[in-house]
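One file, my_file34.txt, is given below (compact mmCIF, C-alpha atoms and all ligand atoms).
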# COMPACT_ATOMS: atom_id res chain seq x y z
CA MET A 1 -17.96 170.72 92.60
CA ALA A 2 -16.27 167.31 92.84
CA SER A 3 -13.19 167.25 94.95
CA ARG A 4 -9.88 166.91 93.10
CA SER A 5 -7.87 163.95 94.29
CA ILE A 6 -4.06 164.02 94.30
CA ARG A 7 -1.87 161.03 95.16
CA LEU A 8 0.79 162.18 97.60
CA ALA A 9 3.74 160.03 98.65
CA VAL A 10 5.16 161.05 102.01
CA ILE A 11 8.73 160.15 102.98
CA PRO A 12 9.34 161.55 106.47
CA GLY A 13 12.87 160.11 106.60
CA ASP A 14 15.28 160.60 109.49
CA GLY A 15 16.05 162.94 112.37
CA ILE A 16 13.83 166.00 112.27
CA GLY A 17 12.33 164.81 108.96
CA PRO A 18 9.23 163.21 110.54
CA GLU A 19 8.77 166.20 112.88
CA VAL A 20 8.73 168.82 110.13
CA VAL A 21 6.75 166.67 107.70
CA ALA A 22 4.00 166.25 110.31
CA GLU A 23 3.64 170.03 110.39
CA GLY A 24 3.77 170.34 106.61
CA LEU A 25 0.93 167.83 106.36
CA LYS A 26 -0.98 169.63 109.11
CA VAL A 27 -0.94 172.78 106.99
CA LEU A 28 -1.78 170.86 103.81
CA ASP A 29 -4.74 169.19 105.53
CA ALA A 30 -5.88 172.60 106.76
CA VAL A 31 -5.73 174.29 103.36
CA ALA A 32 -6.98 171.45 101.13
CA PRO A 33 -10.73 171.54 101.93
CA ALA A 34 -11.01 175.23 101.04
CA PHE A 35 -9.89 174.36 97.52
CA ASP A 36 -11.81 171.07 97.21
CA LEU A 37 -8.61 169.10 97.24
CA THR A 38 -8.12 165.63 98.63
CA PHE A 39 -4.60 164.34 99.11
CA GLU A 40 -4.51 160.53 99.12
CA GLN A 41 -1.46 160.08 101.27
CA THR A 42 0.82 157.04 101.28
CA ALA A 43 3.61 157.08 103.84
CA TYR A 44 6.89 155.34 103.04
CA ASP A 45 9.10 154.26 105.92
CA LEU A 46 12.37 154.87 104.12
CA GLY A 47 15.48 155.95 105.98
CA ALA A 48 17.82 154.72 108.68
CA ALA A 49 15.39 152.42 110.51
CA ARG A 50 14.47 150.57 107.33
CA TRP A 51 18.10 150.30 106.29
CA HIS A 52 19.01 148.75 109.64
CA ARG A 53 16.05 146.35 109.35
CA THR A 54 16.48 145.30 105.73
CA GLY A 55 19.83 146.57 104.47
CA GLU A 56 18.03 148.47 101.71
CA ALA A 57 17.89 152.25 101.24
CA LEU A 58 15.33 152.25 98.44
CA PRO A 59 13.97 148.93 97.20
CA ASP A 60 13.17 148.82 93.48
CA SER A 61 9.55 147.96 94.26
CA VAL A 62 9.16 151.14 96.33
CA LEU A 63 10.75 153.23 93.61
CA GLU A 64 8.20 151.82 91.16
CA GLU A 65 5.38 152.68 93.58
CA LEU A 66 6.70 156.22 93.85
CA ARG A 67 6.55 156.54 90.07
CA GLY A 68 2.81 155.97 90.28
CA GLN A 69 2.23 158.91 92.64
CA ASP A 70 1.39 162.45 91.56
CA VAL A 71 3.85 164.18 93.86
CA ILE A 72 6.17 163.47 96.80
CA LEU A 73 6.85 165.25 100.09
CA LEU A 74 10.16 164.40 101.75
CA GLY A 75 11.52 165.40 105.17
CA ALA A 76 15.23 164.65 105.21
CA VAL A 77 17.51 161.63 105.22
CA GLY A 78 20.74 160.75 106.95
CA ASP A 79 21.56 159.43 110.39
CA PRO A 80 24.77 159.09 112.39
CA SER A 81 24.11 155.34 112.81
CA VAL A 82 24.37 154.79 109.04
CA PRO A 83 27.61 155.23 107.10
CA SER A 84 27.68 158.64 105.47
CA GLY A 85 26.36 158.52 101.93
CA VAL A 86 24.37 155.29 102.18
CA LEU A 87 21.03 157.06 102.56
CA GLU A 88 22.05 160.32 100.93
CA ARG A 89 23.11 158.54 97.76
CA GLY A 90 21.04 155.34 97.97
CA LEU A 91 17.75 156.97 98.83
CA LEU A 92 17.77 160.71 98.18
CA LEU A 93 19.98 161.02 95.12
CA ARG A 94 18.67 157.78 93.67
CA THR A 95 15.13 159.16 93.85
CA ARG A 96 16.20 162.46 92.28
CA PHE A 97 18.07 160.70 89.49
CA GLU A 98 15.54 157.95 88.78
CA LEU A 99 12.61 160.37 88.72
CA ASP A 100 14.63 162.75 86.56
CA HIS A 101 14.47 165.72 88.92
CA TYR A 102 16.78 167.74 86.75
CA VAL A 103 15.73 171.05 88.25
CA ASN A 104 16.37 171.64 91.91
CA LEU A 105 14.43 174.83 92.51
CA ARG A 106 15.46 176.84 95.55
CA PRO A 107 13.93 180.26 96.20
CA VAL A 108 15.99 182.55 98.45
CA LYS A 109 13.63 185.18 99.79
CA LEU A 110 13.74 187.38 102.84
CA PHE A 111 10.26 187.71 104.29
CA PRO A 112 9.36 191.04 105.96
CA GLY A 113 10.09 190.98 109.67
CA VAL A 114 12.62 188.16 109.41
CA GLN A 115 16.04 188.93 110.77
CA THR A 116 18.96 188.57 108.35
CA PRO A 117 22.55 188.52 109.62
CA LEU A 118 23.39 191.08 106.92
CA ALA A 119 23.46 194.76 107.85
CA GLY A 120 21.33 197.37 106.09
CA ILE A 121 19.32 194.89 104.03
CA LYS A 122 15.67 195.35 103.10
CA PRO A 123 13.43 192.36 102.29
CA GLU A 124 13.36 193.28 98.59
CA ASP A 125 17.17 193.04 98.49
CA ILE A 126 17.04 189.27 98.93
CA ASP A 127 14.67 187.81 96.40
CA MET A 128 16.21 185.29 94.08
CA VAL A 129 15.63 181.82 92.72
CA VAL A 130 18.47 179.35 92.43
CA VAL A 131 17.98 176.83 89.64
CA ARG A 132 20.37 174.07 90.61
CA GLU A 133 21.00 171.24 88.19
CA GLY A 134 19.75 168.07 89.90
CA THR A 135 20.90 164.98 88.06
CA GLU A 136 24.48 165.60 86.94
CA GLY A 137 27.70 167.28 88.07
CA PRO A 138 29.88 165.69 90.73
CA TYR A 139 26.88 163.95 92.33
CA THR A 140 26.47 161.20 89.74
CA GLY A 141 28.79 158.84 91.59
CA VAL A 142 31.21 158.42 88.71
CA GLY A 143 34.66 157.82 90.06
CA GLY A 144 36.27 155.39 92.40
CA VAL A 145 39.08 154.59 94.70
CA LEU A 146 42.39 152.84 94.09
CA ARG A 147 44.76 151.43 96.70
CA LYS A 148 42.28 152.21 99.45
CA GLY A 149 43.75 152.64 102.90
CA THR A 150 47.31 152.87 101.63
CA PRO A 151 49.47 156.00 101.62
CA HIS A 152 48.99 155.96 97.85
CA GLU A 153 45.23 155.92 97.82
CA VAL A 154 43.65 157.71 94.87
CA ALA A 155 40.05 158.90 95.08
CA THR A 156 38.34 160.34 92.02
CA GLN A 157 34.88 161.89 91.83
CA GLU A 158 34.04 162.96 88.32
CA SER A 159 31.75 165.84 87.40
CA VAL A 160 29.47 164.67 84.61
CA ASN A 161 27.93 167.40 82.47
CA THR A 162 26.06 166.55 79.29
CA ALA A 163 24.97 168.95 76.56
CA PHE A 164 21.45 167.57 76.96
CA GLY A 165 21.45 167.97 80.74
CA VAL A 166 22.97 171.44 80.74
CA GLU A 167 20.68 172.71 78.02
CA ARG A 168 17.49 171.59 79.72
CA VAL A 169 18.32 173.17 83.07
CA VAL A 170 19.59 176.38 81.48
CA ARG A 171 16.45 176.61 79.36
CA TYR A 172 14.33 176.15 82.49
CA ALA A 173 16.26 178.94 84.20
CA PHE A 174 15.63 181.28 81.27
CA GLU A 175 11.91 180.48 81.49
CA VAL A 176 11.93 181.34 85.20
CA ALA A 177 13.89 184.56 84.58
CA ALA A 178 11.63 185.65 81.71
CA LYS A 179 8.61 185.56 84.05
CA ARG A 180 10.22 187.66 86.78
CA PRO A 181 10.23 191.47 86.86
CA ARG A 182 14.00 191.88 86.75
CA LYS A 183 14.55 189.25 84.04
CA ARG A 184 18.14 188.66 85.00
CA LEU A 185 19.95 185.33 84.86
CA THR A 186 23.37 184.74 86.40
CA LEU A 187 25.41 181.66 85.60
CA VAL A 188 27.44 180.64 88.65
CA HIS A 189 30.31 178.25 87.93
CA LYS A 190 34.08 178.07 88.05
CA ASP A 191 34.93 178.27 84.36
CA ASN A 192 38.40 179.64 85.00
CA VAL A 193 39.41 176.26 86.46
CA LEU A 194 36.71 173.74 85.54
CA THR A 195 37.26 174.67 81.93
CA PHE A 196 35.44 171.77 80.27
CA ALA A 197 32.24 171.89 82.29
CA GLY A 198 32.28 175.67 82.68
CA ASP A 199 32.77 176.20 78.98
CA LEU A 200 29.83 173.90 78.20
CA TYR A 201 27.59 175.90 80.55
CA GLN A 202 28.82 179.18 79.01
CA ARG A 203 28.19 178.10 75.44
CA VAL A 204 24.76 176.75 76.26
CA LEU A 205 23.89 179.94 78.15
CA LYS A 206 24.84 182.00 75.11
CA ARG A 207 23.05 179.80 72.58
CA VAL A 208 19.81 179.41 74.57
CA GLY A 209 20.01 183.05 75.63
CA ALA A 210 19.63 184.12 72.00
CA GLU A 211 16.02 182.86 72.28
CA TYR A 212 15.40 185.07 75.33
CA PRO A 213 16.52 188.58 74.31
CA GLN A 214 14.41 190.05 77.12
CA VAL A 215 16.58 188.29 79.74
CA THR A 216 19.89 189.89 80.74
CA THR A 217 22.61 187.39 81.51
CA ASP A 218 25.84 187.61 83.40
CA TYR A 219 28.40 185.32 84.93
CA CYS A 220 29.93 184.96 88.38
CA HIS A 221 32.60 182.55 89.60
CA VAL A 222 31.25 180.51 92.47
CA ASP A 223 33.80 181.74 94.99
CA ALA A 224 32.90 185.35 94.25
CA ALA A 225 29.22 184.41 94.31
CA THR A 226 29.51 183.26 97.93
CA MET A 227 30.89 186.71 98.74
CA PHE A 228 28.24 188.59 96.77
CA PHE A 229 25.45 186.55 98.38
CA VAL A 230 26.62 188.09 101.64
CA ASN A 231 27.61 191.63 100.69
CA GLN A 232 25.47 192.34 97.60
CA PRO A 233 22.57 189.90 97.48
CA GLN A 234 20.65 192.42 95.36
CA ARG A 235 22.85 191.38 92.42
CA PHE A 236 20.97 188.13 92.00
CA ASP A 237 17.57 187.48 90.46
CA VAL A 238 17.75 183.98 88.94
CA VAL A 239 20.89 181.89 89.32
CA VAL A 240 21.63 178.77 87.30
CA THR A 241 24.39 176.51 88.49
CA ASP A 242 25.56 172.92 88.73
CA ASN A 243 24.56 170.37 91.34
CA LEU A 244 27.41 170.87 93.81
CA PHE A 245 27.69 174.65 93.59
CA GLY A 246 23.91 174.90 93.89
CA ASP A 247 23.93 172.76 97.02
CA ILE A 248 26.52 174.99 98.66
CA ILE A 249 25.25 178.42 97.68
CA THR A 250 21.69 177.61 98.73
CA ASP A 251 22.82 176.95 102.31
CA ILE A 252 24.36 180.43 102.19
CA GLY A 253 21.11 181.64 100.67
CA ALA A 254 19.21 180.08 103.55
CA ALA A 255 21.47 181.76 106.09
CA ILE A 256 21.05 185.26 104.63
CA ALA A 257 17.28 184.83 104.33
CA GLY A 258 16.70 184.07 107.99
CA GLY A 259 18.04 180.58 108.50
CA ILE A 260 18.01 177.03 107.22
CA GLY A 261 14.69 176.38 108.95
CA LEU A 262 12.97 178.65 106.41
CA ALA A 263 14.48 177.41 103.13
CA ALA A 264 12.20 175.44 100.81
CA SER A 265 12.96 173.47 97.69
CA GLY A 266 11.53 171.41 94.89
CA ASN A 267 13.14 168.59 92.96
CA VAL A 268 11.25 169.15 89.78
CA ASN A 269 10.74 166.98 86.73
CA PRO A 270 9.46 169.72 84.41
CA ASP A 271 8.52 167.22 81.70
CA ARG A 272 6.24 165.46 84.18
CA THR A 273 7.45 162.02 83.17
CA ALA A 274 7.60 161.16 86.90
CA PRO A 275 6.44 162.80 90.12
CA SER A 276 8.37 165.77 91.46
CA MET A 277 9.52 165.84 95.08
CA PHE A 278 9.38 168.75 97.51
CA GLU A 279 11.55 169.01 100.61
CA PRO A 280 13.19 171.54 102.90
CA VAL A 281 16.76 172.49 101.96
CA HIS A 282 18.03 171.33 105.33
CA GLY A 283 19.08 167.87 106.40
CA SER A 284 18.01 165.59 109.23
CA ALA A 285 19.66 167.75 111.91
CA PRO A 286 20.53 164.95 114.36
CA ASP A 287 21.73 167.58 116.84
CA ILE A 288 18.17 168.75 117.49
CA ALA A 289 16.12 165.70 116.50
CA GLY A 290 13.39 164.59 118.87
CA GLN A 291 13.41 167.83 120.86
CA GLY A 292 10.62 169.74 119.13
CA LYS A 293 13.10 172.47 118.24
CA ALA A 294 13.10 172.16 114.45
CA ASP A 295 11.49 174.97 112.52
CA PRO A 296 8.93 173.38 110.16
CA THR A 297 8.53 176.56 108.08
CA ALA A 298 10.86 175.31 105.32
CA THR A 299 8.69 172.22 104.94
CA VAL A 300 5.50 174.30 104.96
CA LEU A 301 6.94 176.52 102.21
CA SER A 302 7.92 173.36 100.33
CA VAL A 303 4.27 172.32 100.59
CA ALA A 304 3.38 175.66 98.97
CA MET A 305 5.77 174.86 96.12
CA LEU A 306 4.16 171.42 95.85
CA LEU A 307 0.72 173.04 95.56
CA ASP A 308 2.02 175.32 92.80
CA HIS A 309 3.44 172.31 90.99
CA VAL A 310 0.11 170.47 91.01
CA GLY A 311 -1.58 173.57 89.59
CA GLU A 312 -3.12 174.87 92.82
CA ALA A 313 -1.58 178.34 92.78
CA GLU A 314 -4.28 179.95 94.92
CA ALA A 315 -3.83 177.38 97.65
CA ALA A 316 -0.07 177.89 97.41
CA ARG A 317 -0.45 181.66 97.81
CA ARG A 318 -2.66 181.13 100.85
CA VAL A 319 0.01 178.98 102.50
CA GLU A 320 2.71 181.52 101.66
CA ARG A 321 0.61 184.36 103.07
CA ALA A 322 0.04 182.41 106.28
CA VAL A 323 3.78 181.81 106.60
CA ALA A 324 4.53 185.49 105.89
CA GLU A 325 2.07 186.56 108.60
CA ASP A 326 3.48 184.07 111.06
CA LEU A 327 7.04 185.21 110.34
CA ALA A 328 6.11 188.88 110.66
CA GLU A 329 4.82 188.23 114.17
CA ARG A 330 7.67 186.04 115.35
CA ARG A 331 10.04 188.74 116.52
CA GLY A 332 9.76 189.34 120.20
CA GLN A 333 7.92 186.07 120.76
CA GLY A 334 9.58 183.41 122.85
CA ALA A 335 10.82 180.22 121.23
CA ARG A 336 8.00 178.07 119.91
CA SER A 337 8.05 174.32 119.39
CA THR A 338 7.86 172.65 115.99
CA ALA A 339 4.21 171.76 116.59
CA GLN A 340 3.34 175.25 117.85
CA ILE A 341 4.64 176.83 114.66
CA GLY A 342 2.76 174.26 112.56
CA ASP A 343 -0.44 174.88 114.55
CA ALA A 344 -0.14 178.64 114.12
CA ILE A 345 0.32 178.43 110.35
CA ALA A 346 -2.41 175.80 109.96
CA LYS A 347 -4.80 178.04 111.89
CA ARG A 348 -4.07 180.94 109.56
CA VAL A 349 -4.63 178.95 106.38
CA SER A 350 -7.95 177.57 107.54
CA GLY A 351 -9.13 180.76 109.22
N1 LIG A 401 17.94 166.68 101.74
C1 LIG A 401 18.43 165.92 102.71
O1 LIG A 401 17.84 164.93 103.09
C2 LIG A 401 19.70 166.31 103.32
C3 LIG A 401 20.30 165.46 104.21
N2 LIG A 401 21.43 165.83 104.86
C4 LIG A 401 21.92 164.90 105.88
O2 LIG A 401 21.47 165.37 107.15
C5 LIG A 401 22.42 165.02 108.17
C6 LIG A 401 22.84 166.27 108.94
O3 LIG A 401 23.55 167.12 108.05
P1 LIG A 401 24.05 168.57 108.44
O4 LIG A 401 25.21 168.85 107.59
O5 LIG A 401 24.18 168.69 109.92
O6 LIG A 401 22.92 169.56 107.91
P2 LIG A 401 21.53 169.95 108.55
O7 LIG A 401 20.86 170.83 107.56
O8 LIG A 401 20.77 168.74 108.96
O9 LIG A 401 21.87 170.79 109.87
C7 LIG A 401 22.75 171.90 109.86
C8 LIG A 401 22.41 172.79 111.08
O10 LIG A 401 21.15 173.42 110.85
C9 LIG A 401 20.24 173.13 111.89
N3 LIG A 401 18.91 172.93 111.30
C10 LIG A 401 18.63 172.18 110.20
N4 LIG A 401 17.31 172.20 109.96
C11 LIG A 401 16.75 172.97 110.90
C12 LIG A 401 15.41 173.37 111.18
N5 LIG A 401 14.38 172.97 110.42
N6 LIG A 401 15.18 174.16 112.24
C13 LIG A 401 16.21 174.58 113.01
N7 LIG A 401 17.50 174.24 112.81
C14 LIG A 401 17.76 173.44 111.76
C15 LIG A 401 20.76 171.85 112.54
O11 LIG A 401 20.31 171.74 113.87
C16 LIG A 401 22.27 172.00 112.38
O12 LIG A 401 22.78 172.76 113.44
C17 LIG A 401 23.57 164.33 107.43
O13 LIG A 401 23.34 162.95 107.51
C18 LIG A 401 23.42 164.83 106.00
O14 LIG A 401 23.98 163.95 105.05
C19 LIG A 401 21.98 167.07 104.70
C20 LIG A 401 21.43 167.95 103.82
C21 LIG A 401 20.28 167.64 103.03
C1 LIG A 402 22.56 165.20 101.21
C2 LIG A 402 22.76 165.68 99.81
C3 LIG A 402 22.64 164.53 98.87
C4 LIG A 402 21.76 166.69 99.44
C5 LIG A 402 21.90 168.06 99.93
O1 LIG A 402 22.67 168.47 100.76
C6 LIG A 402 20.97 168.98 99.31
O2 LIG A 402 20.30 168.63 98.35
O3 LIG A 402 20.91 170.13 99.76
MG MG A 403 22.51 170.68 100.91
Transcribe the structure of this file into structure tokens.
Ligand SMILES: NC(=O)C1=CN([C@@H]2O[C@H](COP(=O)(O)OP(=O)(O)OC[C@H]3O[C@@H](n4cnc5c(N)ncnc54)[C@H](O)[C@@H]3O)[C@@H](O)[C@H]2O)C=CC1
Ligand SMILES: CC(C)CC(=O)C(=O)O
Ligand SMILES: [Mg+2]
Amino acid sequence: MASRSIRLAVIPGDGIGPEVVAEGLKVLDAVAPAFDLTFEQTAYDLGAARWHRTGEALPDSVLEELRGQDVILLGAVGDPSVPSGVLERGLLLRTRFELDHYVNLRPVKLFPGVQTPLAGIKPEDIDMVVVREGTEGPYTGVGGVLRKGTPHEVATQESVNTAFGVERVVRYAFEVAAKRPRKRLTLVHKDNVLTFAGDLYQRVLKRVGAEYPQVTTDYCHVDAATMFFVNQPQRFDVVVTDNLFGDIITDIGAAIAGGIGLAASGNVNPDRTAPSMFEPVHGSAPDIAGQGKADPTATVLSVAMLLDHVGEAEAARRVERAVAEDLAERRGQGARSTAQIGDAIAKRVSG
């Protein structure tokens, strides 16, 4: 059988990004041959170093090259030497927006054997998928500042929510929910205060929901959702929410499911008009960068999501199984380095 070739753009980024991406690629390289897959990798040196060198976060020419790839693997961006937001907005959000990653898919799953800070919780109690809107909300950059630096400074940051944008992410969430055993979809928002945006989400949920009678829907204010994530995580199956709320609740999700080093994500363009991008939920973690302390598991699980996205479900399951086995054996072991964890998972996928 001829090998299937997939063009993979790799953006290691900043801080621990290159460290965890190296391990993600190690696992990908280990699993690919068993499924006759070849990943043609192109590395892009985007991030703080390039910005210091050239003053650019994401040149237009690079963005166009990325469009020609099949899929993207990203580590993380952001560095204390660069003003906050320059890389986060100019590189990460620009890529998500330009490539129309309107679904930010973030599973929150407690693997057996992994310690959760919550008491009395079984693995099956934490098994949800957060469908975070990825191209709208307060992250669009609409807003501005008046009288900067004066006592009368005014800073505005608008939340942009379009009927088109809300409908497509809500519809995606219903599709996800319809395929899961519990078939439950919770809208998380703040419609008691953000009445315009919240009302739009509510109406769209109701209208689209009429097409999915098999899916049960409910609603939770975001502040209460943060509490229920911690004291009743069983409540949630699929969650749909806006860009900002989704960002925040998925860090809580990561914490209850064993830590930010295990949380994977996909910035998905479901219409496949541009490549999707897979990345760990965490950031560049400057506090531990360069020390071999970062857990690469989130990146490895993001690689599994990437494999699913390119239609290689069996390979994805193999990676997930290897991670599950590795996690099950972690307790009681001493601390392992980033590379040691990557080696152990890579050995399991190829063995
Ligand atoms: N997708 C991205 O590229 C993101 C980038 N950022 C950027 O990253 C930088 C740092 O942001 P923070 O708020 O500190 O968030 P962070 O997620 O980088 O770190 C928060 C805490 O989690 C720990 N941590 C993160 N990943 C870990 C891993 N794989 N293994 C073990 N521990 C891990 C860190 O050491 C730190 O104590 C900032 O510049 C921020 O803007 C933040 C979030 C997402
Ligand atoms: C740095 C932000 C733009 C992104 C973020 O925190 C996230 O997507 O989780
Ligand atoms: Mg975040």
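Shown here are all protein and nucleic acid residues lying within 10 Å of (29.5, 181.8, 95.6), with all atoms listed in the file considered: A:Val188, A:His189, A:Lys190, A:Cys220, A:His221, A:Val222, A:Asp223, A:Ala224, A:Ala225, A:Thr226, A:Met227, A:Phe228, A:Phe229, A:Val230, A:Phe245, A:Gly246, A:Ile248, A:Ile249, A:Thr250, A:Ile252, A:Gly253.
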Quiz item: Which protein, DNA or RNA residues have an atom within 8 Å of ligand LIG 401 (chain A), counting all atoms listed in the file, as JSON, numbers by chain?
Solution: {"A": [13, 15, 16, 20, 74, 75, 76, 77, 78, 79, 80, 84, 85, 87, 88, 92, 259, 260, 261, 262, 279, 280, 281, 282, 283, 284, 285, 286, 287, 288, 289, 293, 294, 295, 296, 297, 298, 299]}
Exercise. Anything within 7 Å of (9.6, 169.1, 120.0): list those residues as a PyMOL selection string, counting only C-alpha atoms and sticking to the file's coordinates.
Key: chain A and resi 290-293+337-339
Exercise. Can you work out the spacing between atom CA of Gly137 of chain A and atom CA of Asp100 of chain A in Å, to one decimal?
Key: 13.9 Å
Quiz item: Near segment 45-51 of chain A, within 6 Å and counting all atoms listed in the file, which residues show up once chain neighbours fewer than 4 positions away are dropped, as an MDAnalysis selection string?
Solution: chainID A and resid 13:14 55:57
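Using all atoms listed in the file, the nearest neighbour of Asp127 of chain A within the list A:Val86, A:Ala257, A:Val204, A:Ala313 is A:Ala257.
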Quiz item: Pick from A:Glu133, A:Glu40, A:Glu320, A:Asp343: nearest to ligand LIG 402 (chain A), with all atoms listed in the file counted?
Solution: A:Glu133
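For Gly68 of chain A, the list of residues within 9 Å, based on all atoms listed in the file and with local chain neighbours fewer than 6 positions off taken out, reads Arg7, Ala274 and Pro275 of chain A.
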